[in-house]
$ cat entry-v8.cif   # mmCIF, C-alpha atoms
data_input
#
loop_
_atom_site.label_atom_id
_atom_site.label_comp_id
_atom_site.auth_asym_id
_atom_site.auth_seq_id
_atom_site.Cartn_x
_atom_site.Cartn_y
_atom_site.Cartn_z
CA MET A 5 51.24 103.00 136.85
CA CYS A 6 48.20 104.93 137.87
CA ASN A 7 47.38 107.89 135.73
CA LYS A 8 46.40 111.17 137.24
CA LEU A 9 45.01 113.96 135.16
CA LEU A 10 44.27 117.28 136.80
CA LYS A 11 42.20 119.66 134.69
CA VAL A 12 41.70 123.26 135.71
CA ASN A 13 39.77 125.77 133.65
CA ILE A 14 38.36 128.52 135.81
CA HIS A 15 37.33 132.13 135.76
CA LYS A 16 37.04 134.37 138.78
CA GLU A 17 36.41 138.07 139.05
CA LEU A 18 38.72 139.65 141.59
CA LYS A 19 38.84 143.23 142.81
CA GLU A 20 41.60 144.39 140.49
CA PHE A 21 41.46 141.94 137.61
CA ASP A 22 39.76 138.84 136.27
CA LEU A 23 41.59 135.60 136.91
CA ASP A 24 41.55 133.10 134.03
CA VAL A 25 43.43 129.85 134.50
CA ASN A 26 43.46 126.94 132.11
CA PHE A 27 45.80 123.96 132.32
CA GLU A 28 45.95 120.19 132.24
CA LEU A 29 48.49 118.24 134.16
CA LYS A 30 49.36 114.58 133.77
CA ASN A 31 51.40 112.82 136.45
CA LYS A 32 53.67 115.76 136.87
CA ARG A 33 54.73 118.52 139.10
CA LEU A 34 53.89 122.05 138.01
CA GLY A 35 55.33 125.28 139.33
CA ILE A 36 53.34 128.48 138.96
CA LEU A 37 55.45 131.62 138.98
CA GLY A 38 54.41 135.24 139.01
CA PRO A 39 54.56 138.47 140.98
CA SER A 40 52.67 138.67 144.24
CA GLY A 41 49.00 139.38 143.82
CA CYS A 42 48.74 137.72 140.41
CA GLY A 43 46.43 134.95 141.59
CA LYS A 44 48.76 132.06 142.37
CA SER A 45 47.29 131.40 145.81
CA MET A 46 43.80 132.04 144.48
CA THR A 47 44.28 129.32 141.86
CA LEU A 48 45.55 126.83 144.40
CA LYS A 49 42.77 127.68 146.82
CA SER A 50 40.22 127.12 144.07
CA ILE A 51 41.64 123.64 143.45
CA ALA A 52 41.54 122.88 147.17
CA GLY A 53 37.97 124.14 147.43
CA ILE A 54 38.73 126.92 149.89
CA VAL A 55 37.73 129.56 147.34
CA ASP A 56 34.89 129.19 144.84
CA PRO A 57 35.60 130.29 141.25
CA ASP A 58 32.79 132.15 139.46
CA LYS A 59 32.67 129.61 136.69
CA GLY A 60 34.60 126.78 135.12
CA VAL A 61 35.62 123.21 135.72
CA ILE A 62 38.13 121.56 138.06
CA SER A 63 38.50 117.81 137.90
CA LEU A 64 40.96 115.11 138.81
CA ASN A 65 41.09 111.81 137.00
CA THR A 66 42.65 109.00 139.01
CA GLY A 67 41.09 106.13 137.09
CA ASP A 68 37.54 107.30 137.50
CA ASP A 69 36.74 110.94 137.04
CA THR A 70 36.27 113.08 140.13
CA VAL A 71 34.76 116.46 139.41
CA TYR A 72 35.75 118.95 142.11
CA PHE A 73 33.95 121.87 140.60
CA ASN A 74 31.66 122.42 137.64
CA SER A 75 29.71 125.64 137.51
CA ASP A 76 27.41 124.42 134.69
CA LYS A 77 26.42 121.27 136.55
CA LYS A 78 26.38 123.10 139.88
CA ILE A 79 28.95 120.73 141.34
CA ASN A 80 31.13 122.08 144.10
CA LEU A 81 32.76 119.40 146.20
CA ARG A 82 33.54 120.39 149.79
CA PRO A 83 37.28 120.63 150.55
CA GLN A 84 36.83 117.64 152.87
CA LYS A 85 35.80 115.47 149.90
CA ARG A 86 38.53 116.56 147.47
CA ASN A 87 41.48 114.78 149.05
CA VAL A 88 43.83 117.63 148.21
CA GLY A 89 46.77 118.47 150.46
CA TYR A 90 47.46 122.17 150.84
CA LEU A 91 50.61 123.66 152.31
CA PHE A 92 49.71 127.14 153.48
CA GLN A 93 52.17 130.00 153.22
CA ASN A 94 52.20 130.33 157.00
CA TYR A 95 51.87 126.50 157.33
CA ALA A 96 48.63 126.86 159.35
CA LEU A 97 49.71 124.44 162.06
CA PHE A 98 47.21 124.17 164.89
CA PRO A 99 48.88 126.04 167.79
CA ASN A 100 46.85 124.14 170.39
CA MET A 101 48.05 120.73 169.21
CA THR A 102 51.43 119.03 169.55
CA VAL A 103 53.45 117.98 166.50
CA GLU A 104 52.07 114.48 166.79
CA GLU A 105 48.48 115.68 167.14
CA ASN A 106 48.93 117.99 164.17
CA VAL A 107 50.18 115.18 161.96
CA ALA A 108 47.39 112.83 163.13
CA CYS A 109 44.50 115.29 162.97
CA GLY A 110 43.40 114.49 159.43
CA LEU A 111 43.13 110.75 160.07
CA PRO A 112 39.81 109.13 160.96
CA LYS A 113 39.62 107.56 164.43
CA ASP A 114 39.67 103.95 163.26
CA VAL A 115 42.74 104.31 161.04
CA ASN A 116 46.08 102.80 161.99
CA LYS A 117 48.23 105.51 163.57
CA GLU A 118 51.44 103.87 162.32
CA ILE A 119 51.54 106.33 159.42
CA VAL A 120 51.86 109.22 161.87
CA HIS A 121 55.09 107.87 163.30
CA GLU A 122 56.33 106.98 159.88
CA MET A 123 55.83 110.56 158.67
CA ILE A 124 57.40 112.01 161.80
CA LYS A 125 60.45 109.85 161.18
CA ARG A 126 60.60 110.58 157.47
CA PHE A 127 60.55 114.34 158.04
CA HIS A 128 63.18 114.09 160.78
CA LEU A 129 60.81 115.24 163.47
CA ASP A 130 61.66 112.48 165.96
CA GLY A 131 61.96 113.84 169.46
CA LEU A 132 59.75 116.82 168.66
CA GLU A 133 56.45 114.86 168.88
CA ASN A 134 55.27 116.59 172.04
CA ARG A 135 56.35 120.12 171.14
CA TYR A 136 53.86 122.78 170.19
CA PRO A 137 54.27 124.65 166.87
CA ARG A 138 55.41 127.83 168.64
CA GLN A 139 58.38 125.92 170.06
CA LEU A 140 59.65 124.98 166.58
CA SER A 141 61.82 126.78 164.04
CA GLY A 142 60.28 127.87 160.73
CA GLY A 143 61.86 124.98 158.88
CA GLN A 144 60.63 122.47 161.44
CA GLN A 145 57.15 123.96 161.20
CA GLN A 146 57.16 123.52 157.44
CA ARG A 147 58.18 119.89 157.81
CA VAL A 148 55.36 119.29 160.29
CA ALA A 149 52.91 120.82 157.82
CA LEU A 150 54.21 118.54 155.06
CA ALA A 151 54.11 115.48 157.31
CA ARG A 152 50.53 116.34 158.21
CA ILE A 153 49.58 116.55 154.53
CA LEU A 154 51.31 113.31 153.53
CA ALA A 155 49.88 111.36 156.48
CA TYR A 156 46.46 112.25 155.13
CA GLY A 157 47.34 110.56 151.81
CA PRO A 158 46.17 113.21 149.34
CA ASP A 159 45.73 112.70 145.58
CA VAL A 160 47.19 116.12 144.83
CA ILE A 161 49.60 118.25 146.84
CA LEU A 162 49.51 122.02 146.53
CA LEU A 163 52.44 123.99 147.91
CA ASP A 164 51.78 127.70 148.34
CA GLU A 165 55.11 129.58 148.28
CA PRO A 166 57.13 126.67 149.66
CA PHE A 167 60.38 128.53 149.16
CA SER A 168 59.37 131.82 150.74
CA ALA A 169 61.75 131.00 153.57
CA MET A 170 64.49 129.83 151.20
CA ASP A 171 67.33 132.00 152.46
CA THR A 172 66.99 130.94 156.05
CA PHE A 173 66.21 127.31 155.56
CA LEU A 174 68.06 126.36 152.40
CA LYS A 175 69.22 123.06 153.80
CA GLU A 176 65.78 122.22 155.13
CA GLN A 177 64.22 122.99 151.78
CA LEU A 178 66.57 120.73 149.87
CA ARG A 179 65.93 117.97 152.36
CA ILE A 180 62.20 118.42 151.90
CA MET A 181 62.50 118.28 148.14
CA THR A 182 64.28 114.94 148.42
CA VAL A 183 61.48 113.56 150.57
CA MET A 184 58.86 114.96 148.23
CA ARG A 185 60.53 113.35 145.25
CA HIS A 186 60.44 110.01 147.06
CA PHE A 187 56.80 110.61 147.73
CA SER A 188 55.82 111.42 144.15
CA SER A 189 57.65 108.40 142.77
CA ALA A 190 55.99 106.23 145.40
CA MET A 191 52.62 107.63 144.45
CA SER A 192 52.93 107.03 140.74
CA SER A 193 54.29 103.52 140.99
CA MET B 10 17.27 138.13 213.89
CA THR B 11 19.25 135.48 212.04
CA THR B 12 20.19 135.92 208.42
CA ASP B 13 17.96 134.21 205.87
CA TRP B 14 20.37 132.29 203.62
CA SER B 15 17.82 131.42 200.94
CA PRO B 16 18.97 134.29 198.66
CA VAL B 17 22.43 132.66 198.53
CA PHE B 18 21.01 129.37 197.26
CA ILE B 19 18.61 131.08 194.88
CA SER B 20 21.41 133.19 193.45
CA MET B 21 23.76 130.21 193.10
CA LYS B 22 21.07 128.18 191.36
CA THR B 23 20.12 131.04 189.06
CA ALA B 24 23.67 132.03 188.20
CA SER B 25 24.75 128.42 187.56
CA LEU B 26 21.85 127.49 185.30
CA SER B 27 21.93 130.80 183.46
CA ILE B 28 25.67 130.68 182.75
CA PHE B 29 25.22 127.13 181.44
CA ILE B 30 22.52 128.31 179.01
CA THR B 31 24.24 131.58 178.13
CA PHE B 32 27.59 129.90 177.53
CA PHE B 33 26.38 127.41 174.92
CA VAL B 34 23.75 129.58 173.27
CA GLY B 35 26.19 132.50 173.12
CA LEU B 36 28.89 130.25 171.70
CA PHE B 37 26.74 128.84 168.91
CA VAL B 38 25.09 132.14 168.04
CA ALA B 39 28.57 133.68 167.76
CA TRP B 40 29.69 130.79 165.55
CA GLY B 41 26.62 131.20 163.33
CA LEU B 42 27.22 134.92 162.97
CA VAL B 43 30.91 134.50 162.16
CA LYS B 44 29.97 132.04 159.40
CA LEU B 45 27.22 134.28 158.05
CA LYS B 46 28.24 135.89 154.76
CA ASN B 47 25.47 138.47 154.34
CA ASP B 48 26.74 141.64 156.01
CA SER B 49 23.41 143.50 156.39
CA ILE B 50 21.74 140.54 158.13
CA LYS B 51 24.85 140.29 160.30
CA ILE B 52 24.55 143.93 161.41
CA VAL B 53 20.83 143.61 162.21
CA LEU B 54 21.30 140.39 164.20
CA ASP B 55 24.31 141.81 166.02
CA GLY B 56 22.21 144.81 167.00
CA ILE B 57 19.44 142.64 168.40
CA PHE B 58 21.85 140.40 170.33
CA THR B 59 23.76 143.34 171.79
CA LEU B 60 20.70 145.39 172.74
CA PRO B 61 20.35 144.06 176.32
CA LEU B 62 23.86 145.34 177.05
CA VAL B 63 23.01 148.87 175.97
CA LEU B 64 19.44 149.24 177.20
CA PRO B 65 18.65 150.03 180.83
CA PRO B 66 17.92 146.70 182.61
CA THR B 67 14.42 147.87 183.51
CA VAL B 68 13.67 148.39 179.83
CA VAL B 69 14.84 144.85 179.06
CA GLY B 70 12.67 143.71 181.99
CA PHE B 71 9.77 145.59 180.48
CA PHE B 72 10.16 143.74 177.18
CA LEU B 73 10.57 140.40 178.96
CA LEU B 74 7.40 141.03 180.96
CA TRP B 75 5.66 141.89 177.74
CA ILE B 76 6.73 138.52 176.25
CA PHE B 77 6.67 136.23 179.30
CA GLY B 78 3.96 137.97 181.34
CA VAL B 79 0.56 136.37 181.94
CA ARG B 80 -0.83 138.06 178.85
CA GLY B 81 2.36 137.95 176.79
CA PRO B 82 2.56 135.53 173.84
CA ILE B 83 4.95 133.04 175.46
CA GLY B 84 3.68 133.57 179.00
CA LYS B 85 0.10 132.90 177.91
CA PHE B 86 1.18 129.82 175.93
CA PHE B 87 2.83 128.28 178.99
CA ILE B 88 -0.20 128.98 181.16
CA ASP B 89 -2.66 127.57 178.60
CA PHE B 90 -0.73 124.42 177.75
CA PHE B 91 1.36 123.61 180.80
CA THR B 92 -0.45 125.66 183.46
CA VAL B 93 2.97 127.06 184.34
CA LYS B 94 3.32 130.69 185.23
CA ILE B 95 6.70 132.04 184.18
CA ALA B 96 6.59 135.63 185.38
CA PHE B 97 7.29 136.06 189.11
CA SER B 98 8.55 132.49 189.46
CA TRP B 99 12.12 131.21 189.94
CA SER B 100 12.43 130.47 186.20
CA ALA B 101 11.91 134.19 185.57
CA THR B 102 15.15 134.95 187.44
CA VAL B 103 16.96 132.58 185.07
CA ILE B 104 15.39 134.14 181.98
CA ALA B 105 16.33 137.63 183.12
CA ALA B 106 19.90 136.56 183.93
CA VAL B 107 20.32 134.75 180.60
CA VAL B 108 19.04 137.65 178.52
CA MET B 109 21.12 140.21 180.40
CA SER B 110 24.35 138.19 180.36
CA PHE B 111 23.97 136.88 176.81
CA PRO B 112 25.51 139.89 174.98
CA LEU B 113 28.73 139.64 177.01
CA MET B 114 29.16 135.96 176.19
CA TYR B 115 28.17 136.36 172.57
CA ARG B 116 30.38 139.37 171.87
CA SER B 117 33.43 137.91 173.62
CA ALA B 118 33.07 134.58 171.83
CA ARG B 119 32.58 136.28 168.48
CA GLY B 120 35.62 138.49 168.98
CA ALA B 121 37.68 135.47 170.03
CA PHE B 122 36.51 133.46 167.00
CA GLU B 123 37.38 136.29 164.63
CA GLN B 124 40.91 136.39 166.04
CA VAL B 125 41.53 132.78 164.98
CA ASP B 126 43.46 132.63 161.70
CA SER B 127 40.96 131.52 159.04
CA ASN B 128 43.75 129.53 157.36
CA LEU B 129 43.58 127.15 160.32
CA LEU B 130 39.94 126.39 159.55
CA ASP B 131 40.70 125.94 155.85
CA ALA B 132 43.63 123.69 156.73
CA GLY B 133 41.26 121.55 158.80
CA ARG B 134 38.88 121.35 155.84
CA THR B 135 41.56 120.27 153.36
CA LEU B 136 42.60 117.62 155.91
CA GLY B 137 39.10 116.19 155.85
CA MET B 138 38.04 117.27 159.34
CA SER B 139 34.27 117.64 159.75
CA GLU B 140 32.88 121.12 160.44
CA TRP B 141 31.90 119.96 163.94
CA LYS B 142 35.43 118.74 164.67
CA ILE B 143 36.88 121.95 163.22
CA PHE B 144 34.63 123.95 165.54
CA TRP B 145 35.67 122.18 168.75
CA LYS B 146 39.26 121.19 168.03
CA ILE B 147 40.40 124.31 166.18
CA LEU B 148 38.05 127.27 166.51
CA PHE B 149 36.91 126.71 170.10
CA ALA B 150 40.30 125.47 171.35
CA ASN B 151 42.21 128.43 169.94
CA ALA B 152 39.62 130.98 171.02
CA LEU B 153 39.41 129.51 174.53
CA PRO B 154 41.06 132.33 176.52
CA GLY B 155 38.66 134.88 175.00
CA ILE B 156 35.70 132.56 175.47
CA ILE B 157 36.57 132.01 179.13
CA SER B 158 36.85 135.72 179.81
CA GLY B 159 33.44 136.14 178.13
CA GLY B 160 32.16 133.42 180.43
CA ILE B 161 33.51 135.24 183.51
CA LEU B 162 31.83 138.48 182.51
CA ALA B 163 28.56 136.73 181.70
CA TYR B 164 28.61 134.81 185.00
CA ALA B 165 29.27 137.98 186.97
CA ARG B 166 26.55 139.80 185.07
CA GLY B 167 24.06 136.99 185.77
CA LEU B 168 25.00 136.89 189.44
CA GLY B 169 24.56 140.63 189.81
CA GLU B 170 21.39 140.94 187.74
CA PHE B 171 18.93 143.29 189.40
CA GLY B 172 16.80 145.51 187.16
CA ALA B 173 15.36 143.01 184.71
CA THR B 174 14.95 140.44 187.50
CA ALA B 175 12.95 142.93 189.57
CA MET B 176 10.66 143.58 186.60
CA LEU B 177 10.10 139.98 185.51
CA ALA B 178 10.62 137.93 188.67
CA GLY B 179 9.83 140.39 191.42
CA ASN B 180 11.28 140.17 194.90
CA ILE B 181 9.50 137.26 196.52
CA ALA B 182 11.38 136.04 199.63
CA GLY B 183 12.46 132.42 199.35
CA GLU B 184 11.47 132.24 195.71
CA THR B 185 12.82 135.01 193.49
CA ARG B 186 14.79 137.03 196.01
CA THR B 187 18.35 136.74 194.72
CA LEU B 188 21.38 138.17 196.53
CA PRO B 189 21.29 141.61 194.88
CA MET B 190 17.54 141.76 195.63
CA ALA B 191 18.17 140.77 199.23
CA VAL B 192 20.82 143.48 199.60
CA TYR B 193 18.35 146.03 198.30
CA SER B 194 15.49 144.81 200.50
CA GLU B 195 17.59 144.79 203.67
CA VAL B 196 18.97 148.26 203.03
CA ALA B 197 15.47 149.55 202.24
CA ALA B 198 14.31 148.10 205.57
CA GLY B 199 17.23 149.73 207.37
CA ASN B 200 18.99 146.46 208.21
CA MET B 201 22.53 147.39 207.18
CA GLY B 202 24.02 144.45 209.11
CA GLU B 203 21.95 141.86 207.22
CA ALA B 204 22.77 143.57 203.94
CA PHE B 205 26.46 143.42 204.82
CA ASN B 206 26.29 139.62 205.21
CA TYR B 207 24.88 139.30 201.71
CA VAL B 208 27.46 141.71 200.33
CA ILE B 209 30.29 139.62 201.77
CA VAL B 210 28.87 136.42 200.24
CA ILE B 211 28.46 137.98 196.81
CA VAL B 212 32.00 139.40 196.86
CA ILE B 213 33.43 135.99 197.80
CA ILE B 214 31.48 134.11 195.12
CA ALA B 215 32.45 136.64 192.45
CA PHE B 216 36.11 136.51 193.44
CA ILE B 217 36.25 132.70 193.43
CA ALA B 218 34.59 132.54 190.02
CA ILE B 219 37.05 134.97 188.50
CA PHE B 220 39.99 133.22 190.12
CA ILE B 221 39.00 129.78 188.82
CA MET B 222 38.38 130.93 185.27
CA ASP B 223 41.51 133.08 185.10
CA TYR B 224 43.53 130.17 186.38
CA ILE B 225 42.21 127.89 183.63
CA SER B 226 42.90 130.37 180.84
CA ILE B 227 46.40 131.25 182.03
CA ARG B 228 47.32 127.58 182.31
CA LYS B 229 45.98 126.85 178.82
CA GLU B 230 47.91 129.68 177.24
CA LYS B 231 51.13 128.77 178.98
CA GLN B 232 50.87 125.22 177.74
CA TRP B 233 51.21 126.24 174.08
CA LYS B 234 54.11 128.59 174.59
#

$ encode --input "entry-v8.cif" --output "structure tokens"
Amino acid sequence: MCNKLLKVNIHKELKEFDLDVNFELKNKRLGILGPSGCGKSMTLKSIAGIVDPDKGVISLNTGDDTVYFNSDKKINLRPQKRNVGYLFQNYALFPNMTVEENVACGLPKDVNKEIVHEMIKRFHLDGLENRYPRQLSGGQQQRVALARILAYGPDVILLDEPFSAMDTFLKEQLRIMTVMRHFSSAMSS
Amino acid sequence: MTTDWSPVFISMKTASLSIFITFFVGLFVAWGLVKLKNDSIKIVLDGIFTLPLVLPPTVVGFFLLWIFGVRGPIGKFFIDFFTVKIAFSWSATVIAAVVMSFPLMYRSARGAFEQVDSNLLDAGRTLGMSEWKIFWKILFANALPGIISGGILAYARGLGEFGATAMLAGNIAGETRTLPMAVYSEVAAGNMGEAFNYVIVIVIIAFIAIFIMDYISIRKEKQWK
């Protein structure tokens, strides 16, 4: 059992209010709820390294301590070095790449591409490999985005409003949750 | 009198080399400016880079002569160290074409880059893609139609460059006499027939260039849809 401890304690001045977030998370899933504009995305983006907090600490312990951000020590790891998967609200699939290219894009050249096909199969995307994102339904797009994240093998997965399309894709969502549960149990074992 | 075809070759050489330089320099300058966070520096730089588009070409030529002329800082440097005279040589036609066509390439590329959803770039970063890979595979690839149309405009501008070229490169037959210069010279000498030959060539080249580039961008866009 590998222990993961995510610590977030950050402060950021925004236009309308100051965002203060402080939590510790051990081997678990955490849902952040709140009205729109309350800083949910901002918090996730800070963890991913897309947005810089004004001050504070973000670290992930997976055996040895990885500090993502520490304003006192002037540490600010680039998003590329954080190994954090981020599901964007609009999925942010690359429109110029096929499903297969999207899923494979985070992998280094010398890595075995078997994982790409595995993820495509696991997210029921077989047969859609050569489609472009615009040719997919919203639910399919979300699954491609998740497959892309999991193929990359992140330490932490951040889902920004994963249920925003709930009404339309209820079945898809439930299917995704099943796959995600498989994933998290596979990760912690 | 048979038509002297040297202006055709000079123009082709000048337009090809200058679009090559303008394309890449414009692309990377646009990228740098999009990434720049300081707004006041951005405005100043944008002003400088756009100036050749707004100023009369002869004024740009005046400045270029001032810089690259025999007594200008860069012109003098090249004469002293390489014994190469830039002004009124073929290279001057390239410099004039690059400077005059640069704003079109730069502004089109910048506009196209700014249209690309910034989430795509952030997604690339969280997936561990290097900034260089993000630039080519995401930013450049998704901005391609806009970049190509910028390239068309810049190529056409370089091909048709007259004012700044006249100031910096002159109108030396067989050396700096480009097609637009040749048209002017022939008309000034009363040879409308000769001028007409050059006009036909320039229209054909311009049309082919636009056709090729449009074709590429339409095919690219269709592919994703």

$ atom_distance --input "entry-v8.cif" --atom1 "CA of Ile153 in chain A" --atom2 "CA of Lys85 in chain A"
14.6 Å

$ resolve_selection --input "entry-v8.cif" --expression "the PyMOL selection byres ((chain A) within 9 of (chain B))" --output "JSON, numbers by chain"
{"A": [52, 53, 54, 82, 83, 84, 85, 86, 87, 88, 89, 90, 91, 92, 94, 95, 96, 97, 98, 99, 100, 101, 102, 109, 110, 111, 112, 135, 136, 137, 138, 139, 152, 153, 156, 158]}

$ atom_distance --input "entry-v8.cif" --atom1 "CA of Gly70 in chain B" --atom2 "CA of Leu177 in chain B"
5.7 Å

$ resolve_selection --input "entry-v8.cif" --expression "the PyMOL selection byres ((chain B and resi 69) around 9)" --output "ChimeraX atom specification"
/B:60-61,64-68,70-74,105,108-109,172-173,176

$ residues_around --input "entry-v8.cif" --residues "Ser194 in chain B" --least-positions-apart "5" --cutoff "10 Å" --atoms "only C-alpha atoms" --output "MDAnalysis selection string"
chainID B and resid 180 182 186 188:189 199:200 203:204

$ closest_residue --input "entry-v8.cif" --among "B:Ile88, B:Leu36, B:Val43, B:Ile52" --to "Pro112 in chain B" --atoms "only C-alpha atoms"
B:Leu36

$ residues_around --input "entry-v8.cif" --residues "Val71 in chain A" --least-positions-apart "2" --cutoff "10 Å" --atoms "all atoms listed in the file" --output "mmCIF file with C-alpha atoms, in the coordinates of the input"
data_model
loop_
_atom_site.group_PDB
_atom_site.id
_atom_site.type_symbol
_atom_site.label_atom_id
_atom_site.label_comp_id
_atom_site.auth_asym_id
_atom_site.auth_seq_id
_atom_site.Cartn_x
_atom_site.Cartn_y
_atom_site.Cartn_z
ATOM 1 C CA LEU A 10 44.270 117.280 136.800
ATOM 2 C CA LYS A 11 42.200 119.660 134.690
ATOM 3 C CA VAL A 61 35.620 123.210 135.720
ATOM 4 C CA ILE A 62 38.130 121.560 138.060
ATOM 5 C CA SER A 63 38.500 117.810 137.900
ATOM 6 C CA LEU A 64 40.960 115.110 138.810
ATOM 7 C CA ASN A 65 41.090 111.810 137.000
ATOM 8 C CA ASP A 68 37.540 107.300 137.500
ATOM 9 C CA ASP A 69 36.740 110.940 137.040
ATOM 10 C CA PHE A 73 33.950 121.870 140.600
ATOM 11 C CA ASN A 74 31.660 122.420 137.640
ATOM 12 C CA ILE A 79 28.950 120.730 141.340
ATOM 13 C CA ASN A 80 31.130 122.080 144.100
ATOM 14 C CA LEU A 81 32.760 119.400 146.200
ATOM 15 C CA ARG A 86 38.530 116.560 147.470
#

$ atom_distance --input "entry-v8.cif" --atom1 "CA of Pro39 in chain A" --atom2 "CA of Phe167 in chain A"
14.1 Å

$ residues_near_point --input "entry-v8.cif" --point "(44.6, 109.7, 137.8)" --cutoff "6 Å" --atoms "all atoms listed in the file" --output "PDB file with C-alpha atoms, in the coordinates of the input"
ATOM      1  CA  CYS A   6      48.200 104.930 137.870  1.00  0.00           C
ATOM      2  CA  ASN A   7      47.380 107.890 135.730  1.00  0.00           C
ATOM      3  CA  LYS A   8      46.400 111.170 137.240  1.00  0.00           C
ATOM      4  CA  LEU A   9      45.010 113.960 135.160  1.00  0.00           C
ATOM      5  CA  ASN A  65      41.090 111.810 137.000  1.00  0.00           C
ATOM      6  CA  THR A  66      42.650 109.000 139.010  1.00  0.00           C
ATOM      7  CA  GLY A  67      41.090 106.130 137.090  1.00  0.00           C
TER       8      GLY A  67
END

$ residues_around --input "entry-v8.cif" --residues "Ser110 in chain B" --least-positions-apart "5" --cutoff "6 Å" --atoms "all atoms listed in the file" --output "list in words"
Ala163, Arg166 and Gly167 of chain B

$ resolve_selection --input "entry-v8.cif" --expression "the PyMOL selection byres ((chain B and resi 28) around 9)" --output "list of chain:residue names"
B:Thr23, B:Ala24, B:Ser25, B:Leu26, B:Ser27, B:Phe29, B:Ile30, B:Thr31, B:Phe32, B:Phe33, B:Ala106, B:Val107, B:Ser110, B:Phe111, B:Gly160, B:Ala163, B:Tyr164, B:Gly167

$ residues_near_point --input "entry-v8.cif" --point "(54.5, 133.3, 142.2)" --cutoff "12 Å" --atoms "all atoms listed in the file" --output "ChimeraX atom specification"
/A:35-48,93,163-168

$ residues_around --input "entry-v8.cif" --residues "range 117-130 of chain A" --least-positions-apart "5" --cutoff "7 Å" --atoms "only C-alpha atoms" --output "list in words"
Val107, Ala108, Arg147, Ala151 and Ala155 of chain A

$ closest_residue --input "entry-v8.cif" --among "B:Val17, B:Leu54, B:Val79, B:Ile157" --to "Ala191 in chain B" --atoms "only C-alpha atoms"
B:Val17
